[in-house]
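Printed here is entry_38.cif (mmCIF, C-alpha atoms):
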```
data_model
#
loop_
_atom_site.label_atom_id
_atom_site.label_comp_id
_atom_site.auth_asym_id
_atom_site.auth_seq_id
_atom_site.Cartn_x
_atom_site.Cartn_y
_atom_site.Cartn_z
CA MET Y 1165 -10.94 -27.52 -73.92
CA GLU Y 1166 -13.64 -25.03 -74.87
CA PRO Y 1167 -12.27 -21.48 -75.19
CA PHE Y 1168 -13.55 -18.76 -72.88
CA ILE Y 1169 -13.75 -15.27 -74.36
CA THR Y 1170 -17.09 -13.72 -73.41
CA HIS Y 1171 -19.85 -15.52 -71.57
CA THR Y 1172 -23.36 -14.40 -70.65
CA GLY Y 1173 -25.39 -16.57 -68.33
CA MET Y 1174 -27.81 -16.88 -65.44
CA VAL Y 1175 -26.24 -16.44 -62.01
CA ALA Y 1176 -26.83 -19.03 -59.28
CA PRO Y 1177 -26.30 -18.01 -55.63
CA LEU Y 1178 -24.33 -20.08 -53.13
CA ASP Y 1179 -24.19 -17.80 -50.11
CA ARG Y 1180 -21.68 -19.80 -48.06
CA VAL Y 1181 -18.03 -19.32 -47.08
CA ASN Y 1182 -15.31 -21.98 -47.02
CA VAL Y 1183 -17.07 -24.34 -49.43
CA ASP Y 1184 -14.69 -27.28 -49.62
CA THR Y 1185 -14.27 -29.78 -52.42
CA ASP Y 1186 -15.92 -32.58 -50.43
CA GLN Y 1187 -19.04 -30.42 -50.32
CA ILE Y 1188 -18.77 -29.62 -54.02
CA ILE Y 1189 -18.64 -33.35 -54.80
CA PRO Y 1190 -18.66 -35.87 -51.93
CA LYS Y 1191 -16.14 -38.71 -51.85
CA GLN Y 1192 -18.60 -41.44 -52.93
CA TYR Y 1193 -18.73 -39.89 -56.40
CA LEU Y 1194 -14.97 -40.10 -56.99
CA LYS Y 1195 -14.90 -43.65 -58.33
CA THR Y 1196 -14.73 -42.52 -61.95
CA ILE Y 1197 -11.96 -40.90 -63.96
CA HIS Y 1198 -14.44 -39.63 -66.55
CA ARG Y 1199 -15.42 -35.97 -66.58
CA THR Y 1200 -19.07 -36.54 -67.49
CA GLY Y 1201 -21.95 -37.64 -65.29
CA LEU Y 1202 -20.48 -35.96 -62.21
CA LYS Y 1203 -23.22 -33.33 -62.01
CA GLU Y 1204 -25.34 -35.94 -60.23
CA GLY Y 1205 -22.99 -35.67 -57.27
CA LEU Y 1206 -22.63 -31.88 -57.34
CA PHE Y 1207 -23.49 -30.50 -53.88
CA ALA Y 1208 -25.20 -33.83 -53.16
CA ASP Y 1209 -25.25 -33.33 -49.38
CA TRP Y 1210 -26.83 -29.91 -49.68
CA LYS Y 1211 -29.38 -30.36 -52.44
CA ILE Y 1212 -30.92 -33.45 -50.79
CA ARG Y 1213 -32.29 -33.38 -47.23
CA PRO Y 1214 -31.68 -36.24 -44.76
CA ASP Y 1215 -35.12 -37.68 -45.56
CA GLY Y 1216 -34.12 -38.02 -49.23
CA THR Y 1217 -36.27 -35.19 -50.57
CA PRO Y 1218 -34.88 -32.19 -52.49
CA ASP Y 1219 -34.19 -29.12 -50.39
CA PRO Y 1220 -36.37 -26.42 -51.99
CA GLU Y 1221 -34.12 -23.67 -50.63
CA PHE Y 1222 -31.04 -24.89 -52.48
CA PHE Y 1223 -30.48 -23.21 -55.84
CA MET Y 1224 -30.19 -26.45 -57.82
CA ASN Y 1225 -33.76 -27.34 -56.87
CA GLN Y 1226 -35.25 -24.00 -57.97
CA SER Y 1227 -36.55 -23.69 -61.52
CA ARG Y 1228 -35.30 -20.12 -61.91
CA PHE Y 1229 -31.68 -21.34 -61.62
CA GLN Y 1230 -31.92 -24.47 -63.75
CA GLU Y 1231 -30.03 -22.89 -66.64
CA ALA Y 1232 -27.41 -21.15 -64.47
CA THR Y 1233 -23.88 -21.07 -65.88
CA VAL Y 1234 -22.33 -18.57 -63.45
CA LEU Y 1235 -21.89 -19.36 -59.74
CA LEU Y 1236 -21.86 -16.52 -57.21
CA THR Y 1237 -20.35 -17.43 -53.87
CA ARG Y 1238 -18.22 -16.27 -50.93
CA ASP Y 1239 -14.67 -16.42 -49.55
CA ASN Y 1240 -12.29 -19.37 -49.85
CA PHE Y 1241 -14.32 -21.33 -52.39
CA GLY Y 1242 -12.86 -24.74 -53.26
CA CYS Y 1243 -10.81 -25.29 -50.11
CA GLY Y 1244 -10.04 -28.77 -48.78
CA SER Y 1245 -8.61 -31.59 -50.86
CA SER Y 1246 -7.15 -31.09 -54.32
CA ARG Y 1247 -9.63 -33.36 -56.13
CA GLU Y 1248 -10.03 -32.30 -59.75
CA HIS Y 1249 -13.48 -33.90 -59.74
CA ALA Y 1250 -14.76 -30.65 -58.16
CA PRO Y 1251 -14.30 -28.46 -61.27
CA TRP Y 1252 -15.30 -31.45 -63.42
CA ALA Y 1253 -18.65 -31.65 -61.62
CA LEU Y 1254 -19.24 -27.90 -61.88
CA LEU Y 1255 -18.43 -27.92 -65.59
CA ASP Y 1256 -20.62 -30.99 -66.16
CA TYR Y 1257 -23.50 -29.06 -64.57
CA GLY Y 1258 -22.84 -26.17 -66.93
CA ILE Y 1259 -20.90 -23.69 -64.78
CA ARG Y 1260 -18.41 -21.72 -66.90
CA SER Y 1261 -17.46 -19.02 -64.40
CA ILE Y 1262 -17.35 -18.62 -60.61
CA LEU Y 1263 -17.46 -15.21 -58.91
CA ALA Y 1264 -16.02 -15.01 -55.39
CA PRO Y 1265 -13.85 -12.79 -53.17
CA SER Y 1266 -11.21 -15.55 -52.91
CA PHE Y 1267 -10.48 -19.12 -53.95
CA ALA Y 1268 -8.36 -21.97 -52.61
CA ASP Y 1269 -5.14 -22.07 -54.65
CA ILE Y 1270 -5.30 -25.64 -55.99
CA PHE Y 1271 -8.98 -25.39 -56.92
CA TYR Y 1272 -8.28 -22.05 -58.60
CA ASN Y 1273 -5.54 -23.62 -60.73
CA ASN Y 1274 -7.70 -26.64 -61.58
CA CYS Y 1275 -10.45 -24.38 -62.90
CA PHE Y 1276 -8.15 -22.96 -65.56
CA GLN Y 1277 -7.13 -26.47 -66.63
CA ASN Y 1278 -10.79 -27.33 -67.25
CA GLY Y 1279 -12.12 -24.25 -69.01
CA ILE Y 1280 -13.77 -22.58 -65.99
CA LEU Y 1281 -12.98 -18.91 -65.30
CA PRO Y 1282 -12.67 -18.15 -61.57
CA VAL Y 1283 -13.16 -14.41 -61.11
CA THR Y 1284 -11.93 -12.72 -57.94
CA LEU Y 1285 -13.92 -9.61 -57.06
CA LYS Y 1286 -13.91 -7.37 -54.00
CA THR Y 1287 -16.13 -8.47 -51.12
CA GLU Y 1288 -18.35 -5.41 -51.53
CA GLU Y 1289 -18.73 -6.12 -55.26
CA ILE Y 1290 -19.80 -9.69 -54.55
CA GLN Y 1291 -22.31 -8.32 -52.04
CA GLN Y 1292 -23.74 -5.95 -54.66
CA LEU Y 1293 -24.30 -8.92 -56.96
CA PHE Y 1294 -26.03 -10.88 -54.20
CA ASP Y 1295 -28.19 -7.85 -53.40
CA ALA Y 1296 -29.16 -7.42 -57.06
CA LEU Y 1297 -30.06 -11.10 -57.35
CA VAL Y 1298 -32.20 -11.03 -54.20
CA SER Y 1299 -34.04 -7.86 -55.20
CA GLN Y 1300 -34.79 -9.06 -58.74
CA GLY Y 1301 -35.21 -12.79 -58.14
CA THR Y 1302 -32.85 -13.63 -61.00
CA LEU Y 1303 -29.70 -12.08 -62.37
CA GLN Y 1304 -27.79 -12.36 -65.60
CA ALA Y 1305 -24.09 -11.54 -65.88
CA THR Y 1306 -21.69 -11.11 -68.77
CA ILE Y 1307 -18.08 -12.01 -68.09
CA ASP Y 1308 -15.77 -10.48 -70.69
CA LEU Y 1309 -12.36 -12.08 -70.32
CA SER Y 1310 -10.73 -9.94 -73.00
CA ASN Y 1311 -11.62 -6.72 -71.16
CA GLN Y 1312 -11.62 -8.38 -67.71
CA THR Y 1313 -15.06 -7.16 -66.71
CA VAL Y 1314 -18.22 -8.51 -65.10
CA ALA Y 1315 -21.40 -6.65 -66.08
CA THR Y 1316 -25.12 -7.02 -65.42
CA PRO Y 1317 -28.14 -5.59 -67.27
CA THR Y 1318 -28.89 -3.56 -64.12
CA GLY Y 1319 -25.77 -1.46 -64.66
CA LEU Y 1320 -23.26 -3.11 -62.36
CA LEU Y 1321 -19.78 -3.18 -63.88
CA PHE Y 1322 -16.71 -4.59 -62.14
CA HIS Y 1323 -13.14 -5.07 -63.31
CA PHE Y 1324 -10.98 -8.01 -62.29
CA THR Y 1325 -7.33 -8.94 -62.61
CA ILE Y 1326 -5.96 -12.18 -64.01
CA ASP Y 1327 -2.56 -13.60 -64.85
CA PRO Y 1328 -1.88 -12.84 -68.55
CA PHE Y 1329 -0.66 -16.38 -69.27
CA ARG Y 1330 -3.80 -17.98 -67.79
CA LYS Y 1331 -5.96 -15.46 -69.61
CA ASN Y 1332 -4.39 -16.33 -72.95
CA CYS Y 1333 -4.73 -20.07 -72.32
CA LEU Y 1334 -8.47 -19.73 -71.61
CA ILE Y 1335 -9.05 -17.52 -74.65
CA GLU Y 1336 -7.26 -20.07 -76.85
CA GLY Y 1337 -8.85 -23.05 -75.08
CA LEU Y 1338 -5.51 -24.54 -74.05
CA ASP Y 1339 -4.94 -26.82 -71.09
CA GLY Y 1340 -1.55 -28.35 -70.25
CA ILE Y 1341 -1.86 -30.94 -73.02
CA GLY Y 1342 -2.93 -28.34 -75.54
CA LEU Y 1343 0.06 -26.18 -74.69
CA THR Y 1344 2.36 -29.14 -75.23
CA LEU Y 1345 0.76 -30.00 -78.58
CA LYS Y 1346 1.46 -26.47 -79.82
CA ARG Y 1347 5.11 -27.55 -79.73
CA GLU Y 1348 4.44 -30.86 -81.46
CA ALA Y 1349 6.55 -30.05 -84.52
CA ALA Y 1350 9.54 -29.06 -82.40
CA ILE Y 1351 9.13 -32.13 -80.18
CA THR Y 1352 8.99 -34.42 -83.22
CA ALA Y 1353 12.07 -32.79 -84.74
CA TYR Y 1354 13.98 -33.22 -81.47
CA GLU Y 1355 13.02 -36.89 -81.20
CA GLN Y 1356 14.13 -37.58 -84.75
CA ARG Y 1357 17.43 -35.83 -84.13
CA ARG Y 1358 18.05 -37.77 -80.92
CA LYS Y 1359 17.31 -41.07 -82.68
CA SER Y 1360 20.18 -40.41 -85.05
CA GLU Y 1361 22.49 -39.03 -82.34
CA ALA Y 1362 21.84 -41.73 -79.73
CA PRO Y 1363 19.97 -44.65 -81.31
CA TRP Y 1364 20.55 -46.89 -78.26
CA LEU Y 1365 18.15 -44.72 -76.26
CA PHE Y 1366 15.30 -45.76 -78.53
CA ARG Y 1367 16.08 -49.49 -78.71
CA ASP Y 1368 13.16 -51.78 -77.91
CA LEU Y 1369 14.23 -53.28 -74.57
CA LEU Y 1370 11.84 -56.20 -75.07
CA ALA Y 1371 13.33 -57.16 -78.44
CA PRO Y 1372 15.86 -60.01 -78.44
CA HIS Y 1373 19.48 -58.89 -78.49
CA LYS Y 1374 21.53 -59.67 -81.58
#
```
Serialized structure, structure tokens:
Amino acid sequence: MEPFITHTGMVAPLDRVNVDTDQIIPKQYLKTIHRTGLKEGLFADWKIRPDGTPDPEFFMNQSRFQEATVLLTRDNFGCGSSREHAPWALLDYGIRSILAPSFADIFYNNCFQNGILPVTLKTEEIQQLFDALVSQGTLQATIDLSNQTVATPTGLLFHFTIDPFRKNCLIEGLDGIGLTLKREAAITAYEQRRKSEAPWLFRDLLAPHK
């Protein structure tokens, strides 16, 4: 997993509340277990109109947001089902951080397991970012995880809170597997010790008995 320490990127606006995971990536795109290629399904029902043409009002179809890596949105982002394909699709598109007043719990946890930093800011702070983006046409933001700040070139500066354990895992680029592998030496030593203490536990059950 790619570490997250400090990230500066273009901000994309998604001015909607209660965005659920089926809207982030509709069910027809869930046939794969691979984490790549899912950006094609990202917000598929919103970026394409019923007649099959791109919706010019949606941020993904606007050239000024093509390189966006920070998503700015509203309350309860990521609600609905627990599908991990939702953060996979966002990451595949290039999103490294999401700024919102609140997140659905399971989606919030899944973001950390995939190298995305979900930042919870006050509602009025989110509104200030939306206002700055509208007035300027584009907006860049720097998310500093070490200092727990979100800053813009226009002078906005907000602080956010985060669980210390999750913060450390992102800075080190550790998901659940990575955390386990940090204990690989201890795990190997334990397995070797148990093989000598209880060899019958490690017998090949498919091997013929003697």
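For the residues Y:Ser1261, Y:Thr1352, Y:Asn1225, Y:Thr1170, ranking by smallest atom-to-atom distance to Phe1276 (chain Y) using all atoms listed in the file places Y:Ser1261 first.
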Is it possible to get the residues within 12 Å of (-23.4, -12.4, -67.1) (coordinates as in the file, counting only C-alpha atoms) written as an mmCIF file with C-alpha atoms, in the frame of the given file?
```cif
data_model
loop_
_atom_site.group_PDB
_atom_site.id
_atom_site.type_symbol
_atom_site.label_atom_id
_atom_site.label_comp_id
_atom_site.auth_asym_id
_atom_site.auth_seq_id
_atom_site.Cartn_x
_atom_site.Cartn_y
_atom_site.Cartn_z
ATOM 1 C CA THR Y 1170 -17.090 -13.720 -73.410
ATOM 2 C CA HIS Y 1171 -19.850 -15.520 -71.570
ATOM 3 C CA THR Y 1172 -23.360 -14.400 -70.650
ATOM 4 C CA GLY Y 1173 -25.390 -16.570 -68.330
ATOM 5 C CA MET Y 1174 -27.810 -16.880 -65.440
ATOM 6 C CA VAL Y 1175 -26.240 -16.440 -62.010
ATOM 7 C CA ALA Y 1176 -26.830 -19.030 -59.280
ATOM 8 C CA ALA Y 1232 -27.410 -21.150 -64.470
ATOM 9 C CA THR Y 1233 -23.880 -21.070 -65.880
ATOM 10 C CA VAL Y 1234 -22.330 -18.570 -63.450
ATOM 11 C CA LEU Y 1235 -21.890 -19.360 -59.740
ATOM 12 C CA LEU Y 1236 -21.860 -16.520 -57.210
ATOM 13 C CA ILE Y 1259 -20.900 -23.690 -64.780
ATOM 14 C CA ARG Y 1260 -18.410 -21.720 -66.900
ATOM 15 C CA SER Y 1261 -17.460 -19.020 -64.400
ATOM 16 C CA ILE Y 1262 -17.350 -18.620 -60.610
ATOM 17 C CA LEU Y 1263 -17.460 -15.210 -58.910
ATOM 18 C CA LEU Y 1293 -24.300 -8.920 -56.960
ATOM 19 C CA LEU Y 1297 -30.060 -11.100 -57.350
ATOM 20 C CA THR Y 1302 -32.850 -13.630 -61.000
ATOM 21 C CA LEU Y 1303 -29.700 -12.080 -62.370
ATOM 22 C CA GLN Y 1304 -27.790 -12.360 -65.600
ATOM 23 C CA ALA Y 1305 -24.090 -11.540 -65.880
ATOM 24 C CA THR Y 1306 -21.690 -11.110 -68.770
ATOM 25 C CA ILE Y 1307 -18.080 -12.010 -68.090
ATOM 26 C CA ASP Y 1308 -15.770 -10.480 -70.690
ATOM 27 C CA LEU Y 1309 -12.360 -12.080 -70.320
ATOM 28 C CA THR Y 1313 -15.060 -7.160 -66.710
ATOM 29 C CA VAL Y 1314 -18.220 -8.510 -65.100
ATOM 30 C CA ALA Y 1315 -21.400 -6.650 -66.080
ATOM 31 C CA THR Y 1316 -25.120 -7.020 -65.420
ATOM 32 C CA PRO Y 1317 -28.140 -5.590 -67.270
ATOM 33 C CA THR Y 1318 -28.890 -3.560 -64.120
ATOM 34 C CA GLY Y 1319 -25.770 -1.460 -64.660
ATOM 35 C CA LEU Y 1320 -23.260 -3.110 -62.360
ATOM 36 C CA LEU Y 1321 -19.780 -3.180 -63.880
ATOM 37 C CA PHE Y 1322 -16.710 -4.590 -62.140
#
```
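The residue set within 12 Å of Phe1222 (chain Y), counting only C-alpha atoms and dropping same-chain residues fewer than 6 places from it, reads Ala1176, Pro1177, Leu1178, Asp1179, Arg1180, Leu1206, Phe1207, Ala1208, Asp1209, Trp1210, Lys1211, Ile1212, Arg1213, Arg1228, Phe1229 and Gln1230 of chain Y.
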Quick one: of Y:Leu1281, Y:Met1224, Y:Ile1270, Y:Ala1250, who's nearest to Cys1333 (chain Y), counting all atoms listed in the file?
Y:Leu1281
List the neighbours of Glu1336 (chain Y) out to 10 Å using all atoms listed in the file; skip same-chain residues closer than 2 positions along the sequence, and give me the result as a VMD selection string.
chain Y and resid 1165 to 1169 1330 to 1334 1338 to 1339 1342 to 1343
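CA of Leu1194 (chain Y) is found 23.0 Å from CA of Phe1223 (chain Y).
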Counting all atoms listed in the file, figure out which residue out of Y:His1249, Y:Arg1238, Y:Glu1288, Y:Ala1349 gets nearest to Leu1202 (chain Y).
Y:His1249
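Using all atoms listed in the file, the nearest neighbour of Ser1266 (chain Y) within the list Y:Lys1359, Y:His1198, Y:His1323, Y:Lys1286 is Y:Lys1286.
Here the PyMOL selection byres ((chain Y and resi 1284) around 6) matches the residues Ala1264, Pro1265, Ser1266, Val1283 and Leu1285 of chain Y.
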Picked residues, the PyMOL selection byres ((chain Y and resi 1243) around 10), expected as a VMD selection string:
chain Y and resid 1181 to 1188 1239 to 1242 1244 to 1246 1267 to 1272
Report the centre and edge lengths, in Å to one decimal, of an axis-aligned box enclosing every atom of region 1245-1248 of chain Y listed in the file, padded by 5 Å on each side, as JSON.
```
{"center_x": -8.6, "center_y": -32.2, "center_z": -55.3, "size_x": 12.9, "size_y": 12.3, "size_z": 18.9}
```
One number please: CA of Tyr1193 (chain Y) to CA of Gly1205 (chain Y), in Å, one decimal.
6.1 Å
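Going from CA of Ala1296 (chain Y) over to CA of Thr1237 (chain Y), you cover 13.7 Å.
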